[in-house]
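Colleague: File follows, input-v3.txt with compact mmCIF, C-alpha atoms and all ligand atoms:
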# COMPACT_ATOMS: atom_id res chain seq x y z
CA MET A 53 11.38 15.72 35.89
CA VAL A 54 11.51 13.11 38.63
CA PRO A 55 15.07 11.75 39.03
CA ARG A 56 15.38 8.27 37.66
CA LYS A 57 16.23 6.65 40.98
CA LEU A 58 12.89 7.81 42.37
CA TRP A 59 10.89 6.20 39.56
CA ARG A 60 8.39 3.69 40.80
CA ARG A 61 9.06 0.12 39.86
CA PRO A 62 5.95 -1.65 38.61
CA LEU A 63 4.89 -4.18 41.24
CA ASP A 64 4.77 -7.00 38.72
CA SER A 65 8.08 -6.27 37.04
CA GLU A 66 9.48 -9.58 38.28
CA GLN A 67 6.78 -11.50 36.42
CA ILE A 68 6.78 -9.52 33.18
CA LYS A 69 8.33 -11.54 30.39
CA LEU A 70 9.77 -9.64 27.48
CA PRO A 71 9.56 -11.59 24.26
CA LYS A 72 12.88 -12.34 22.63
CA ALA A 73 13.04 -11.75 18.94
CA GLU A 74 14.61 -13.69 16.16
CA ILE A 75 15.21 -11.67 12.99
CA HIS A 76 15.13 -13.60 9.73
CA ILE A 77 16.73 -12.05 6.67
CA ILE A 78 16.59 -13.59 3.21
CA PRO A 79 19.66 -11.87 1.74
CA ASP A 80 19.19 -12.78 -1.93
CA LEU A 81 15.62 -11.40 -2.04
CA CYS A 82 16.91 -8.00 -0.92
CA LYS A 83 17.29 -5.24 -3.53
CA GLY A 84 19.14 -2.94 -1.17
CA CYS A 85 16.61 -0.17 -0.52
CA ASP A 86 17.79 0.15 3.12
CA PHE A 87 14.28 0.97 4.42
CA CYS A 88 14.49 -1.58 7.26
CA ILE A 89 17.89 -0.35 8.39
CA GLU A 90 16.84 3.28 8.23
CA PHE A 91 13.40 3.01 9.81
CA CYS A 92 13.90 0.34 12.51
CA PRO A 93 12.99 2.32 15.61
CA ARG A 94 15.49 0.29 17.67
CA LYS A 95 18.39 0.39 15.22
CA ALA A 96 18.64 -3.38 15.40
CA LEU A 97 19.82 -3.71 11.80
CA GLU A 98 22.83 -2.56 9.82
CA GLU A 99 24.17 -2.93 6.31
CA SER A 100 26.01 -6.16 5.66
CA ASP A 101 29.51 -5.98 4.21
CA LYS A 102 28.84 -8.93 1.91
CA LEU A 103 27.26 -8.46 -1.51
CA ASN A 104 24.28 -10.69 -2.25
CA LYS A 105 23.67 -12.33 -5.60
CA ARG A 106 21.92 -9.21 -6.90
CA GLY A 107 25.02 -7.18 -6.18
CA VAL A 108 23.64 -5.12 -3.30
CA TYR A 109 24.39 -5.08 0.41
CA PRO A 110 21.46 -6.60 2.29
CA PRO A 111 20.82 -5.83 5.95
CA LYS A 112 22.30 -7.90 8.71
CA VAL A 113 21.42 -8.10 12.37
CA ALA A 114 23.32 -5.54 14.41
CA ASP A 115 21.86 -6.46 17.78
CA GLU A 116 19.01 -8.92 18.01
CA SER A 117 18.40 -8.17 21.69
CA LYS A 118 17.30 -4.64 20.74
CA CYS A 119 14.42 -5.91 18.59
CA THR A 120 10.98 -5.49 20.17
CA LEU A 121 9.14 -7.44 17.46
CA CYS A 122 7.35 -4.28 16.36
CA GLY A 123 7.19 -5.69 12.84
CA PHE A 124 7.89 -2.42 11.03
CA CYS A 125 10.75 -3.87 8.97
CA THR A 126 8.50 -6.73 7.84
CA ALA A 127 5.69 -4.34 6.95
CA ILE A 128 7.80 -1.88 4.99
CA CYS A 129 10.02 -4.30 3.07
CA PRO A 130 8.98 -4.06 -0.61
CA ASP A 131 10.56 -7.45 -1.30
CA PHE A 132 9.39 -9.64 1.61
CA ALA A 133 13.04 -10.23 2.53
CA ILE A 134 12.82 -9.77 6.29
CA PHE A 135 10.57 -10.96 9.09
CA THR A 136 10.75 -11.56 12.80
CA THR A 137 9.51 -14.33 15.06
CA GLU A 138 9.37 -14.72 18.80
CA LYS A 139 12.05 -16.94 20.29
CA LYS A 140 10.49 -19.68 22.31
CA GLU A 141 12.46 -19.45 25.56
CA GLU A 142 11.63 -16.32 27.54
CA THR A 143 13.52 -14.36 30.17
CA SER A 144 12.21 -11.90 32.68
CA ARG A 145 13.08 -8.24 32.49
CA ASN A 146 15.64 -8.67 35.20
CA GLY A 147 17.08 -11.80 33.73
CA ARG A 148 18.21 -10.02 30.57
CA MET B 99 17.45 -23.43 6.39
CA SER B 100 17.78 -22.68 2.66
CA GLU B 101 16.61 -19.31 1.41
CA SER B 102 13.53 -20.56 -0.43
CA ASN B 103 12.54 -22.50 2.67
CA LEU B 104 13.01 -19.45 4.82
CA MET B 105 10.79 -17.45 2.46
CA MET B 106 8.02 -19.98 3.05
CA HIS B 107 8.08 -19.04 6.74
CA HIS B 108 7.22 -15.43 5.99
CA TYR B 109 3.68 -15.03 7.31
CA LEU B 110 2.51 -13.50 4.02
CA ALA B 111 4.16 -16.11 1.77
CA LYS B 112 0.91 -17.98 1.22
CA TYR B 113 -0.66 -14.95 -0.45
CA LEU B 114 2.16 -14.57 -2.98
CA ARG B 115 2.71 -16.45 -6.20
CA GLN B 116 6.14 -17.64 -5.19
CA GLU B 117 7.14 -18.76 -8.66
CA ARG B 118 6.87 -15.13 -9.83
CA MET B 119 9.08 -13.69 -7.12
CA PRO B 120 11.12 -11.55 -7.14
CA HIS B 121 8.80 -8.95 -8.62
CA ILE B 122 9.98 -6.62 -11.40
CA TRP B 123 9.91 -3.40 -9.35
CA CYS B 124 13.08 -1.39 -8.85
CA GLU B 125 14.99 -1.09 -5.61
CA GLY B 126 13.04 1.12 -3.19
CA CYS B 127 9.94 1.35 -5.40
CA GLY B 128 6.77 1.93 -3.37
CA ASN B 129 4.82 -0.67 -5.34
CA GLY B 130 6.28 -3.50 -3.25
CA ILE B 131 5.16 -1.73 -0.09
CA LEU B 132 1.62 -1.39 -1.43
CA LEU B 133 1.59 -5.11 -2.23
CA ASN B 134 2.89 -5.86 1.27
CA CYS B 135 0.19 -3.69 2.91
CA PHE B 136 -2.57 -5.21 0.81
CA LEU B 137 -1.50 -8.71 1.81
CA GLN B 138 -1.32 -7.65 5.47
CA ALA B 139 -4.89 -6.38 5.17
CA ILE B 140 -6.33 -9.56 3.68
CA ASN B 141 -4.37 -11.61 6.21
CA GLU B 142 -5.78 -9.60 9.08
CA LEU B 143 -9.34 -9.78 7.77
CA ASN B 144 -8.92 -13.51 7.28
CA VAL B 145 -11.10 -13.34 4.18
CA ASP B 146 -11.93 -16.32 2.01
CA LEU B 147 -9.37 -16.00 -0.78
CA ASN B 148 -11.91 -17.41 -3.24
CA LYS B 149 -14.03 -14.32 -2.63
CA ILE B 150 -11.32 -11.76 -3.47
CA VAL B 151 -10.61 -10.56 -6.98
CA VAL B 152 -7.79 -8.19 -7.85
CA VAL B 153 -7.89 -6.24 -11.11
CA SER B 154 -5.06 -4.07 -12.40
CA GLY B 155 -4.37 -2.02 -15.50
CA ILE B 156 -1.11 -1.41 -17.34
CA GLY B 157 2.00 0.12 -15.81
CA CYS B 158 4.66 -0.92 -13.29
CA ILE B 159 2.05 -1.24 -10.53
CA GLY B 160 -0.21 -3.06 -13.00
CA ARG B 161 2.02 -6.10 -12.57
CA VAL B 162 0.65 -6.49 -9.04
CA SER B 163 -2.21 -8.72 -10.14
CA GLY B 164 0.27 -11.36 -11.25
CA TYR B 165 1.86 -11.58 -7.82
CA ILE B 166 -1.19 -12.11 -5.61
CA ASN B 167 -2.38 -15.65 -5.11
CA VAL B 168 -6.09 -14.95 -5.72
CA ASP B 169 -8.11 -14.74 -8.92
CA SER B 170 -6.62 -11.67 -10.52
CA PHE B 171 -6.81 -9.95 -13.86
CA HIS B 172 -4.25 -7.82 -15.66
CA THR B 173 -6.46 -5.85 -18.02
CA THR B 174 -5.83 -3.42 -20.87
CA HIS B 175 -4.57 0.10 -20.21
CA GLY B 176 -7.13 2.26 -18.43
CA ARG B 177 -9.86 -0.36 -18.32
CA ALA B 178 -9.32 -1.93 -14.90
CA ILE B 179 -12.36 -0.17 -13.41
CA ALA B 180 -14.63 -1.08 -16.33
CA PHE B 181 -13.54 -4.71 -16.00
CA ALA B 182 -13.94 -4.68 -12.22
CA THR B 183 -17.45 -3.18 -12.52
CA GLY B 184 -18.44 -6.13 -14.69
CA VAL B 185 -16.98 -8.67 -12.27
CA LYS B 186 -18.78 -7.09 -9.31
CA LEU B 187 -22.16 -6.85 -11.05
CA ALA B 188 -21.95 -10.41 -12.36
CA ASN B 189 -21.10 -11.80 -8.93
CA PRO B 190 -21.92 -9.45 -6.06
CA GLU B 191 -20.53 -11.98 -3.57
CA LEU B 192 -17.01 -11.11 -4.66
CA GLU B 193 -14.86 -8.42 -3.09
CA VAL B 194 -13.38 -6.62 -6.10
CA VAL B 195 -10.23 -4.53 -5.70
CA VAL B 196 -8.58 -2.46 -8.39
CA ILE B 197 -4.89 -1.73 -7.80
CA SER B 198 -3.41 0.52 -10.45
CA GLY B 199 -1.33 3.57 -11.31
CA ASP B 200 -1.99 7.28 -11.52
CA GLY B 201 -1.59 7.20 -15.30
CA ASP B 202 -3.75 4.16 -15.82
CA LEU B 203 -6.57 5.33 -13.54
CA PHE B 204 -6.60 9.07 -14.24
CA ALA B 205 -5.30 9.64 -17.77
CA ILE B 206 -6.54 6.97 -20.18
CA GLY B 207 -8.91 5.57 -17.52
CA GLY B 208 -10.10 8.87 -16.06
CA ASN B 209 -13.68 8.67 -17.27
CA HIS B 210 -14.15 5.17 -15.89
CA PHE B 211 -12.93 6.44 -12.54
CA ILE B 212 -15.26 9.41 -12.22
CA HIS B 213 -18.32 7.52 -13.39
CA ALA B 214 -17.70 4.48 -11.20
CA ALA B 215 -17.37 6.87 -8.25
CA ARG B 216 -20.50 8.78 -9.31
CA ARG B 217 -22.52 5.57 -9.62
CA ASN B 218 -21.04 4.31 -6.35
CA VAL B 219 -20.05 0.97 -7.84
CA ASP B 220 -19.09 -1.30 -4.96
CA ILE B 221 -15.39 -1.68 -5.78
CA LYS B 222 -12.23 -0.58 -3.96
CA VAL B 223 -9.65 1.36 -5.93
CA ILE B 224 -6.09 1.68 -4.66
CA CYS B 225 -3.76 3.94 -6.63
CA ALA B 226 0.03 3.97 -6.46
CA ASN B 227 0.69 7.61 -7.31
CA ASN B 228 4.30 8.11 -8.38
CA PHE B 229 3.55 11.31 -10.35
CA ASN B 230 4.52 9.84 -13.71
CA TYR B 231 4.31 6.94 -16.17
CA GLY B 232 7.06 4.80 -14.68
CA MET B 233 6.81 1.80 -16.95
CA THR B 234 7.22 3.62 -20.25
CA GLY B 235 10.22 5.65 -19.16
CA GLY B 236 8.92 8.55 -17.12
CA GLN B 237 6.52 10.61 -19.22
CA TYR B 238 4.43 13.29 -17.50
CA GLY B 239 0.81 12.54 -16.69
CA PRO B 240 -2.23 14.01 -14.93
CA THR B 241 -0.59 13.88 -11.50
CA THR B 242 2.80 15.34 -12.42
CA PRO B 243 3.39 18.43 -10.26
CA LEU B 244 3.78 21.84 -11.85
CA ASP B 245 7.42 22.50 -12.86
CA ALA B 246 8.44 18.86 -12.42
CA TRP B 247 10.96 17.42 -14.86
CA THR B 248 9.94 14.35 -16.85
CA THR B 249 11.10 12.94 -20.18
CA THR B 250 8.22 14.73 -21.93
CA THR B 251 8.48 17.97 -19.94
CA PRO B 252 12.18 18.69 -20.45
CA TYR B 253 11.74 22.36 -19.53
CA GLY B 254 9.43 21.63 -16.60
CA ASN B 255 5.73 20.75 -16.48
CA ILE B 256 3.34 23.58 -17.31
CA GLU B 257 0.13 21.62 -16.53
CA HIS B 258 -1.65 21.69 -13.20
CA PRO B 259 -2.00 18.24 -11.62
CA PHE B 260 -5.15 16.55 -10.39
CA ASN B 261 -5.67 16.33 -6.65
CA LEU B 262 -6.81 12.70 -6.75
CA ALA B 263 -8.45 12.68 -3.33
CA HIS B 264 -10.47 15.77 -4.22
CA LEU B 265 -11.43 14.28 -7.59
CA ALA B 266 -12.61 11.04 -5.96
CA ALA B 267 -14.60 12.87 -3.28
CA ALA B 268 -16.20 15.28 -5.74
CA ALA B 269 -17.16 12.42 -8.03
CA GLY B 270 -18.98 10.67 -5.18
CA ALA B 271 -16.68 8.14 -3.47
CA VAL B 272 -17.93 7.04 -0.03
CA TYR B 273 -14.44 6.51 1.35
CA VAL B 274 -11.33 8.50 0.44
CA ALA B 275 -7.95 8.23 2.12
CA ARG B 276 -4.42 9.23 1.26
CA TRP B 277 -1.19 7.90 2.73
CA THR B 278 2.42 7.72 1.66
CA SER B 279 4.35 4.48 1.38
CA LEU B 280 5.97 5.27 4.73
CA HIS B 281 2.56 5.06 6.48
CA VAL B 282 2.39 1.28 6.29
CA ARG B 283 0.21 0.80 9.37
CA ARG B 284 -2.32 3.44 8.41
CA LEU B 285 -2.41 2.31 4.81
CA LYS B 286 -3.16 -1.25 5.91
CA ALA B 287 -5.87 0.02 8.27
CA SER B 288 -7.45 2.03 5.43
CA ILE B 289 -7.45 -0.99 3.13
CA ILE B 290 -9.16 -3.04 5.84
CA LYS B 291 -11.75 -0.31 6.33
CA ALA B 292 -12.39 0.07 2.60
CA LEU B 293 -12.80 -3.68 2.20
CA GLN B 294 -15.53 -3.66 4.84
CA LYS B 295 -17.41 -0.71 3.38
CA GLU B 296 -20.18 -0.81 0.81
CA GLY B 297 -19.60 1.44 -2.16
CA PHE B 298 -16.83 3.07 -4.14
CA SER B 299 -13.74 3.49 -1.98
CA PHE B 300 -10.54 5.18 -3.05
CA ILE B 301 -7.14 5.00 -1.40
CA GLU B 302 -4.18 6.92 -2.78
CA MET B 303 -0.66 5.92 -1.81
CA ILE B 304 2.03 8.47 -2.64
CA SER B 305 4.87 6.33 -3.88
CA PRO B 306 8.57 6.75 -4.52
CA CYS B 307 9.74 6.05 -8.08
CA PRO B 308 13.45 6.17 -7.31
CA GLU B 309 14.65 4.98 -10.70
CA ILE B 310 12.77 7.44 -12.87
CA PHE B 311 10.72 10.32 -11.46
CA ASP B 312 12.72 10.84 -8.27
CA ARG B 313 16.03 10.54 -10.11
CA TYR B 314 15.09 13.05 -12.82
CA ASN B 315 13.85 15.45 -10.17
CA LYS B 316 17.01 15.05 -8.08
CA MET B 317 15.11 13.83 -5.04
CA GLY B 318 17.91 11.52 -3.87
CA THR B 319 17.66 7.86 -2.92
CA ALA B 320 14.46 6.04 -2.01
CA VAL B 321 15.39 6.50 1.65
CA ASP B 322 15.70 10.26 1.04
CA VAL B 323 12.23 10.31 -0.52
CA MET B 324 10.77 8.37 2.41
CA LYS B 325 12.43 10.80 4.82
CA TRP B 326 10.87 13.65 2.85
CA PHE B 327 7.47 11.95 3.28
CA ARG B 328 8.13 11.78 7.02
CA LEU B 329 9.14 15.42 7.16
CA VAL B 330 6.24 16.94 5.22
CA SER B 331 3.31 14.57 5.89
CA GLN B 332 0.61 15.82 8.18
CA VAL B 333 -2.26 13.62 9.28
CA ARG B 334 -5.58 15.50 8.90
CA HIS B 335 -8.53 13.17 9.21
CA GLY B 336 -11.74 14.68 7.90
CA CYS B 337 -9.92 17.49 6.12
CA ASP B 338 -11.66 18.98 3.07
CA PRO B 339 -10.01 17.07 0.21
CA ALA B 340 -10.13 20.25 -1.91
CA LYS B 341 -7.59 21.71 0.47
CA ALA B 342 -5.48 18.55 0.70
CA GLU B 343 -2.87 19.63 -1.79
CA ILE B 344 0.48 17.98 -2.29
CA THR B 345 3.37 20.43 -2.34
CA GLU B 346 7.08 20.26 -1.71
CA ASN B 347 6.51 21.45 1.84
CA GLU B 348 3.31 19.66 2.76
CA ILE B 349 1.55 16.40 2.01
CA LEU B 350 -1.78 16.20 3.79
CA VAL B 351 -2.66 12.58 4.53
CA GLY B 352 -5.50 10.89 6.37
CA GLU B 353 -9.04 9.69 5.93
CA PHE B 354 -10.80 12.54 4.16
CA VAL B 355 -14.22 11.01 3.40
CA ASP B 356 -16.16 8.27 5.17
CA ILE B 357 -19.88 8.38 4.38
CA GLU B 358 -22.71 5.92 3.67
CA LYS B 359 -24.67 5.74 0.44
CA PRO B 360 -26.40 2.79 -1.27
CA SER B 361 -24.21 1.21 -3.91
CA TYR B 362 -25.05 0.86 -7.58
CA GLY B 363 -25.22 -2.92 -7.28
CA ARG B 364 -27.67 -2.79 -4.39
CA LEU B 365 -29.95 -0.29 -6.17
CA LEU B 366 -29.78 -2.34 -9.34
CA ARG B 367 -30.78 -5.55 -7.54
CA GLU B 368 -33.60 -3.81 -5.68
CA MET B 369 -34.89 -2.31 -8.91
CA THR B 370 -34.67 -5.67 -10.70
CA SER B 371 -36.70 -7.47 -8.06
CA ARG B 372 -39.29 -4.65 -7.94
CA VAL B 373 -39.76 -4.75 -11.69
CA GLN B 374 -39.90 -8.55 -11.76
CA ASP B 375 -42.57 -8.55 -9.03
CA LYS B 376 -44.58 -6.00 -10.93
CA LEU B 377 -44.39 -8.00 -14.16
CA LYS B 378 -45.42 -11.17 -12.33
CA ARG B 379 -48.43 -9.40 -10.82
CA GLU B 380 -49.47 -8.06 -14.19
CA GLU B 381 -49.23 -11.56 -15.75
CA SER B 382 -51.46 -13.20 -13.17
C1 LIG C 1 -3.68 1.66 -25.06
C2 LIG C 1 -2.31 1.89 -24.52
N1 LIG C 1 -1.76 3.12 -24.57
C3 LIG C 1 -0.52 3.35 -24.07
C4 LIG C 1 0.19 2.32 -23.50
C5 LIG C 1 1.57 2.59 -22.96
N2 LIG C 1 1.64 2.62 -21.51
C6 LIG C 1 2.03 1.55 -20.81
S1 LIG C 1 2.09 1.82 -19.15
C7 LIG C 1 1.60 3.44 -19.37
C8 LIG C 1 1.45 4.39 -18.23
C9 LIG C 1 1.50 3.77 -16.88
O1 LIG C 1 1.52 4.76 -15.91
P1 LIG C 1 0.93 4.48 -14.48
O2 LIG C 1 -0.45 3.95 -14.56
O3 LIG C 1 1.12 5.72 -13.67
O4 LIG C 1 1.83 3.28 -13.91
P2 LIG C 1 3.33 3.26 -13.38
O5 LIG C 1 4.14 2.62 -14.47
O6 LIG C 1 3.76 4.65 -13.09
O7 LIG C 1 3.28 2.39 -12.17
C10 LIG C 1 1.41 3.72 -20.73
C11 LIG C 1 1.01 5.05 -21.24
C12 LIG C 1 -0.42 1.04 -23.46
N3 LIG C 1 0.21 -0.01 -22.88
N4 LIG C 1 -1.63 0.85 -23.96
S1 LIG C 2 10.74 -5.85 14.29
FE1 LIG C 2 10.93 -3.63 14.72
S2 LIG C 2 12.56 -3.50 16.28
FE2 LIG C 2 12.73 -5.56 15.35
S3 LIG C 2 14.25 -5.32 13.68
FE3 LIG C 2 12.21 -5.02 12.76
S4 LIG C 2 11.85 -2.79 12.81
FE4 LIG C 2 13.57 -3.24 14.26
S1 LIG C 3 10.19 2.68 -12.86
FE1 LIG C 3 9.48 3.68 -10.97
S2 LIG C 3 7.40 2.86 -10.64
FE2 LIG C 3 8.42 1.50 -12.12
S3 LIG C 3 9.28 -0.18 -10.86
FE3 LIG C 3 10.90 1.39 -11.15
S4 LIG C 3 10.76 2.74 -9.35
FE4 LIG C 3 8.83 1.55 -9.49
MG MG C 4 2.54 6.17 -12.27
Mind turning the file's structure into structure tokens?
Modeller:
Amino acid sequence: MVPRKLWRRPLDSEQIKLPKAEIHIIPDLCKGCDFCIEFCPRKALEESDKLNKRGVYPPKVADESKCTLCGFCTAICPDFAIFTTEKKEETSRNGR
Amino acid sequence: MSESNLMMHHYLAKYLRQERMPHIWCEGCGNGILLNCFLQAINELNVDLNKIVVVSGIGCIGRVSGYINVDSFHTTHGRAIAFATGVKLANPELEVVVISGDGDLFAIGGNHFIHAARRNVDIKVICANNFNYGMTGGQYGPTTPLDAWTTTTPYGNIEHPFNLAHLAAAAGAVYVARWTSLHVRRLKASIIKALQKEGFSFIEMISPCPEIFDRYNKMGTAVDVMKWFRLVSQVRHGCDPAKAEITENEILVGEFVDIEKPSYGRLLREMTSRVQDKLKREES
């Protein structure tokens, strides 16, 4: 494998804007299946330590900056209790 | 923002009957995922909601018709396909989708299924297969695996299950796909494809039933069942459905059948206009 320091930098990396995600959780809709926490490819979610009104621990955001807006949590949630949107202001890859 | 307000910002909220939420399904039940994928599919296709009809039978998944904000019908046990056939023939403009359970579609409704497939009635059938009758407390049914424990097979099941994909293909379906509830992207893509196809399409979603079937069979939590799906699923597009068995060590998934054949409705309309022309000619 090529050592990391020799990797080529894409010429347009200065201009590339990575979208910033906002994760919205509706805690009281959650039934506590944990699918989003378990299957988020970026591990951006974790179990909350506060019971919701159904008596289960809904997810909470562990690290919003990890989220790539892939939408898997939204697609797999059986209860429509989580979705993500793009934050309006954008930063470049280097500005993160 | 209050919680109900936040819910309204979910991009699928407009397809749900909000006043009926939350749905009745247990924590980790695959039925909610099937509903989610179906709504994703109609959202992506951007179809006229007045042109979509959802028909379901009886069972846990049968409740789905009450949650979707289109004209939908919760019919009697086993008769969803018969009802849907009538809707489609009466108004061919409509896109008619049956969403129902393995018990509803293949036990009490089994004959409707094979004959609708044989006649190539232009309806789409999506089955949540959880290997048992969830709603009535976990009795065994035509999809229960050999040796599985259910409330009516207390010493293990001694009946061989149907391979639903094979049954659908052998009976004449033009599109047959199987996914698990972990394959949300592929399932959505299959629903989109089926909705655009003419003829009898069948999609099977293998579904966790964490409260009943999975609990009795000591399969762990819903997450454990989903991880099992991930471990044993193998995508085999075009695979002979006869060989696409479901075992503890292997679940073959994919698009098994994708063929073209004129639908019953089309042949019926062509025949009607031919006969009417002939009668007119004979009169004059
Ligand atoms: C004519 C008639 N017979 C029996 C029943 C009882 N019954 C209700 S739901 C059901 C089985 C449902 O199983 P399935 O279609 O697999 O749905 P699930 O609950 O597993 O989602 C049965 C036998 C009924 N409602 N009506
Ligand atoms: S959108 Fe994707 S990356 Fe972001 S929280 Fe959901 S599953 Fe994780
Ligand atoms: S009994 Fe099984 S199929 Fe019915 S809602 Fe509960 S988990 Fe789902
Ligand atoms: Mg069932």
Colleague: Pick the closest to B:Cys135 from B:Cys307, B:Glu296, B:Val282, B:Gly318: which is it, counting all atoms listed in the file?
Modeller: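 With all atoms listed in the file as the atom set, the closest residue is B:Val282.
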Colleague: Residues of chain A no more than 12 Å from chain B, counting only C-alpha atoms: send them over as a ChimeraX atom specification.
Modeller: /A:75-91,106-110,122-137
Colleague: Put the listed atoms of stretch 304-309 of chain B in a box along x, y and z with 3 Å added on every side and give me the centre and edge lengths in Å to one decimal, as JSON.
Modeller:
{"center_x": 8.3, "center_y": 6.7, "center_z": -6.7, "size_x": 18.6, "size_y": 9.5, "size_z": 14.1}
Colleague: All residues within 6 Å of ligand MG 4 (chain C) are required, counting only C-alpha atoms and all ligand atoms; please report them as a ChimeraX atom specification.
Modeller: /B:199-201,227-232
Colleague: Quote the spacing between atom CA of B:Ser331 and atom CA of B:Phe204 in Å to one decimal place.
Modeller: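 Taking atom CA of B:Ser331 as the start and atom CA of B:Phe204 as the end point, the length is 23.1 Å.
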Colleague: For the contact check between chain B and ligand LIG 1 (chain C), emit one row per residue of chain B within 10 Å, containing the shortest atom pair and the distance in Å rounded to one decimal, counting all atoms listed in the file, chain then rising number order, as JSON lines.
Modeller:
{"residue": "B:Trp123", "atom": "CA", "partner": "C:LIG1", "partner_atom": "O7", "distance": 9.2}
{"residue": "B:Cys127", "atom": "CA", "partner": "C:LIG1", "partner_atom": "O7", "distance": 9.6}
{"residue": "B:Gly128", "atom": "CA", "partner": "C:LIG1", "partner_atom": "O7", "distance": 9.5}
{"residue": "B:Asn129", "atom": "CA", "partner": "C:LIG1", "partner_atom": "O7", "distance": 7.6}
{"residue": "B:Ser154", "atom": "CA", "partner": "C:LIG1", "partner_atom": "O2", "distance": 9.5}
{"residue": "B:Gly155", "atom": "CA", "partner": "C:LIG1", "partner_atom": "O2", "distance": 7.2}
{"residue": "B:Ile156", "atom": "CA", "partner": "C:LIG1", "partner_atom": "S1", "distance": 4.9}
{"residue": "B:Gly157", "atom": "CA", "partner": "C:LIG1", "partner_atom": "O5", "distance": 3.6}
{"residue": "B:Cys158", "atom": "CA", "partner": "C:LIG1", "partner_atom": "O7", "distance": 3.8}
{"residue": "B:Ile159", "atom": "CA", "partner": "C:LIG1", "partner_atom": "O7", "distance": 4.2}
{"residue": "B:Gly160", "atom": "CA", "partner": "C:LIG1", "partner_atom": "O7", "distance": 6.5}
{"residue": "B:Arg161", "atom": "CA", "partner": "C:LIG1", "partner_atom": "O7", "distance": 8.6}
{"residue": "B:Val162", "atom": "CA", "partner": "C:LIG1", "partner_atom": "O7", "distance": 9.8}
{"residue": "B:Thr174", "atom": "CA", "partner": "C:LIG1", "partner_atom": "N4", "distance": 6.7}
{"residue": "B:His175", "atom": "CA", "partner": "C:LIG1", "partner_atom": "N4", "distance": 4.8}
{"residue": "B:Gly176", "atom": "CA", "partner": "C:LIG1", "partner_atom": "C1", "distance": 7.5}
{"residue": "B:Arg177", "atom": "CA", "partner": "C:LIG1", "partner_atom": "C1", "distance": 9.4}
{"residue": "B:Ile197", "atom": "CA", "partner": "C:LIG1", "partner_atom": "O2", "distance": 9.9}
{"residue": "B:Ser198", "atom": "CA", "partner": "C:LIG1", "partner_atom": "O2", "distance": 6.1}
{"residue": "B:Gly199", "atom": "CA", "partner": "C:LIG1", "partner_atom": "O2", "distance": 3.4}
{"residue": "B:Asp200", "atom": "CA", "partner": "C:LIG1", "partner_atom": "O3", "distance": 4.1}
{"residue": "B:Gly201", "atom": "CA", "partner": "C:LIG1", "partner_atom": "O3", "distance": 3.5}
{"residue": "B:Asp202", "atom": "CA", "partner": "C:LIG1", "partner_atom": "O2", "distance": 3.5}
{"residue": "B:Leu203", "atom": "CA", "partner": "C:LIG1", "partner_atom": "O2", "distance": 6.4}
{"residue": "B:Phe204", "atom": "CA", "partner": "C:LIG1", "partner_atom": "O2", "distance": 8.0}
{"residue": "B:Ala205", "atom": "CA", "partner": "C:LIG1", "partner_atom": "O2", "distance": 8.1}
{"residue": "B:Ile206", "atom": "CA", "partner": "C:LIG1", "partner_atom": "N1", "distance": 7.5}
{"residue": "B:Gly207", "atom": "CA", "partner": "C:LIG1", "partner_atom": "O2", "distance": 9.1}
{"residue": "B:Cys225", "atom": "CA", "partner": "C:LIG1", "partner_atom": "O2", "distance": 8.6}
{"residue": "B:Ala226", "atom": "CA", "partner": "C:LIG1", "partner_atom": "O7", "distance": 6.8}
{"residue": "B:Asn227", "atom": "CA", "partner": "C:LIG1", "partner_atom": "O3", "distance": 6.6}
{"residue": "B:Asn228", "atom": "CA", "partner": "C:LIG1", "partner_atom": "O6", "distance": 5.9}
{"residue": "B:Phe229", "atom": "CA", "partner": "C:LIG1", "partner_atom": "O3", "distance": 6.9}
{"residue": "B:Asn230", "atom": "CA", "partner": "C:LIG1", "partner_atom": "O6", "distance": 5.3}
{"residue": "B:Tyr231", "atom": "CA", "partner": "C:LIG1", "partner_atom": "O1", "distance": 3.6}
{"residue": "B:Gly232", "atom": "CA", "partner": "C:LIG1", "partner_atom": "O5", "distance": 3.7}
{"residue": "B:Met233", "atom": "CA", "partner": "C:LIG1", "partner_atom": "O5", "distance": 3.7}
{"residue": "B:Thr234", "atom": "CA", "partner": "C:LIG1", "partner_atom": "S1", "distance": 5.5}
{"residue": "B:Gly235", "atom": "CA", "partner": "C:LIG1", "partner_atom": "O5", "distance": 8.3}
{"residue": "B:Gly236", "atom": "CA", "partner": "C:LIG1", "partner_atom": "O6", "distance": 7.6}
{"residue": "B:Gln237", "atom": "CA", "partner": "C:LIG1", "partner_atom": "C11", "distance": 8.1}
{"residue": "B:Tyr238", "atom": "CA", "partner": "C:LIG1", "partner_atom": "O3", "distance": 9.1}
{"residue": "B:Gly239", "atom": "CA", "partner": "C:LIG1", "partner_atom": "O3", "distance": 7.5}
{"residue": "B:Pro240", "atom": "CA", "partner": "C:LIG1", "partner_atom": "O3", "distance": 9.0}
{"residue": "B:Thr241", "atom": "CA", "partner": "C:LIG1", "partner_atom": "O3", "distance": 8.6}
{"residue": "B:Thr242", "atom": "CA", "partner": "C:LIG1", "partner_atom": "O3", "distance": 9.8}
{"residue": "B:Ser305", "atom": "CA", "partner": "C:LIG1", "partner_atom": "O7", "distance": 9.3}
{"residue": "B:Cys307", "atom": "CA", "partner": "C:LIG1", "partner_atom": "O6", "distance": 7.9}
{"residue": "B:Ile310", "atom": "CA", "partner": "C:LIG1", "partner_atom": "O6", "distance": 9.4}
{"residue": "B:Phe311", "atom": "CA", "partner": "C:LIG1", "partner_atom": "O6", "distance": 9.1}
